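Asker: I'd like to ask some things about the structure below.
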Amino acid sequence: MTFAALLTNLQANGLEIGSTAPAVQVTDHTGNVVDLSELLSSGKVVVFFYPKADTPGCTKQACSLRDGWTQLKERDVTVLGVSSDRPLSQKKFKEKYELPYQLLADTEQVVAKAFGKGRWSRQAYLFIDGIVAWRDLSASTGRQLDDVLQALDQLESLALKE
């Protein structure tokens, strides 16, 4: 297999479990540039991708995590939402739905490419101390919180067995 074919195959599969956080910079909803690897370097961080702010499915996905914010904070989970929308669109989306977490405006698809995404689709990843511990390459809309909590439960159960 050629290097280009291997890279294309890897990109179709998304960032693998065990991979380290991508070292890229991206603009957040406030217009500030943030270092993604720094945001993901410690603790538990959920990164969820959604195709477009303020569309029905994406709103359900984002609001699912908003509605479970207390549960996530009790488990020391940080949440980051990523789409290709511009910072102003992200800011309006955040304000309209009172999203309590940071949104990243990946207008140049730097984050998407670092995660191996060839097109915009719903995906979710859980990083623990900068390492991918769980991923969902076809993330749900209204069940995003349930999927994340289930992943956390499974990971905690495995950690207790060790």
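Labels for the structure tokens follow display order: chains A, B, ..., residues from 1 in each chain, ligands from 1.
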If you run DSSP over the backbone, which residues in chain A end up strand (DSSP E or B)? Put them as a VMD selection string.

Answerer: chain A and resid 20 25 to 28 33 to 35 44 to 49 77 to 83 102 to 105 123 to 128 131 to 136

Asker: Neighbours of Arg143 (chain A) within 12 Å (only C-alpha atoms; same-chain residues fewer than 2 positions away dropped), as a list in words?

Answerer: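 That gives Gly57, Cys58, Thr59, Lys60, Gln61, Ala62, Cys63, Ser64, Leu65, Arg66, Asp67, Gly68, Ala124, Asp136, Ser138, Ala139, Ser140, Thr141, Leu145, Asp146, Asp147, Val148, Leu149 and Gln150 of chain A.
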
Asker: Could you check the closest approach to Phe115 (chain A) for each of A:Val82, A:Ile128, A:Asp28, A:Leu155 and tell me which residue wins, using only C-alpha atoms?

Answerer: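 Smallest separation from Phe115 (chain A) among the options: A:Val82.
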
Asker: Leaving out region 42-49 of chain A and any residue of its chain fewer than 5 positions from it, which residues lie within 8 Å of it when counting only C-alpha atoms, given as a PyMOL selection string?

Answerer: chain A and resi 76-83+120-130+148

Asker: For each of A:Gln144, A:Gln154, A:Gln25, A:Ser41, take the minimum atom-to-atom distance to Ala112 (chain A), counting only C-alpha atoms, then give the residue where this is smallest.

Answerer: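 Comparing A:Gln144, A:Gln154, A:Gln25, A:Ser41 against Ala112 (chain A), the winner is A:Gln25.
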
Asker: As a PyMOL selection string, please: every residue in chain A that a backbone DSSP assignment puts in alpha helix (DSSP H).

Answerer: chain A and resi 3-12+36-40+56-67+69-74+87-96+110-114+144-161

Asker: Just how far from CA of Trp69 (chain A) is CA of Glu98 (chain A), in Å to one decimal?

Answerer: 11.1 Å

Asker: Please list as a PyMOL selection string every residue within 9 Å of Leu36 (chain A), counting only C-alpha atoms and excluding residues in the same chain fewer than 4 positions away.

Answerer: chain A and resi 21-26+40-41+111

Asker: Limited to N, CA and C atoms, could you put the picked residues into a file as a CSV table (one decimal), in the first residue's frame?

Answerer:
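Output contents, as saved in part_31.csv:
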chain,number,residue,atom,x,y,z
A,21,ALA,N,-3.1,13.8,21.6
A,21,ALA,CA,-3.9,14.9,21.2
A,21,ALA,C,-3.1,15.7,20.0
A,22,PRO,N,-3.9,16.0,19.0
A,22,PRO,CA,-3.2,16.7,17.9
A,22,PRO,C,-2.7,18.1,18.3
A,23,ALA,N,-1.5,18.5,17.8
A,23,ALA,CA,-0.9,19.8,18.2
A,23,ALA,C,-1.3,20.8,17.1
A,24,VAL,N,-2.5,21.4,17.2
A,24,VAL,CA,-2.9,22.4,16.3
A,24,VAL,C,-3.5,23.6,17.0
A,25,GLN,N,-3.5,24.7,16.3
A,25,GLN,CA,-4.2,25.9,16.9
A,25,GLN,C,-5.4,26.2,16.1
A,26,VAL,N,-6.4,26.7,16.8
A,26,VAL,CA,-7.7,27.0,16.2
A,26,VAL,C,-8.4,28.1,17.0
A,40,LEU,N,-6.4,19.6,25.7
A,40,LEU,CA,-6.6,18.2,25.8
A,40,LEU,C,-5.6,17.5,26.7
A,41,SER,N,-4.6,18.2,27.2
A,41,SER,CA,-3.4,17.6,27.8
A,41,SER,C,-3.7,17.1,29.2
A,111,VAL,N,-8.4,21.3,12.6
A,111,VAL,CA,-8.8,20.3,13.6
A,111,VAL,C,-9.4,19.0,12.9

Asker: Looking at A:Pro87, A:Pro56, A:His29, A:Glu38, which one is nearest to Pro100 (chain A), with distances taken over only C-alpha atoms?

Answerer: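 Looking at the shortest contact to Pro100 (chain A), the residue is A:His29.
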
Asker: Between CA of Leu72 (chain A) and CA of Lys52 (chain A), what is the distance, to one decimal in Å?

Answerer: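 We find that CA of Leu72 (chain A) and CA of Lys52 (chain A) lie 23.4 Å from each other.
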
Asker: Taking only C-alpha atoms into account, name the residue in A:Ala151, A:Leu88, A:Leu15, A:Leu39 that is nearest to Ala114 (chain A).

Answerer: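 Closest to Ala114 (chain A), using only C-alpha atoms: A:Leu15.
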
Asker: For a test of reading the model, state the distance in Å between CA of Ser89 (chain A) and CA of Glu74 (chain A), rounded to one decimal.

Answerer: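 Separating CA of Ser89 (chain A) from CA of Glu74 (chain A) is a distance of 29.2 Å.
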
Asker: Could you check which of A:Gln71, A:Gln90, A:Thr20, A:Thr55 is closest to Ala105 (chain A), using only C-alpha atoms?

Answerer: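 Among the listed residues, the smallest separation from Ala105 (chain A) belongs to A:Gln90.
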
Asker: Just the residues within 8 Å of Glu108 (chain A), please, counting only C-alpha atoms, with nothing from its chain fewer than 2 positions along; format it as a list in words.

Answerer: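 Once the adjacent positions are removed, what remains is Ser84, Asp106 and Val110 of chain A.
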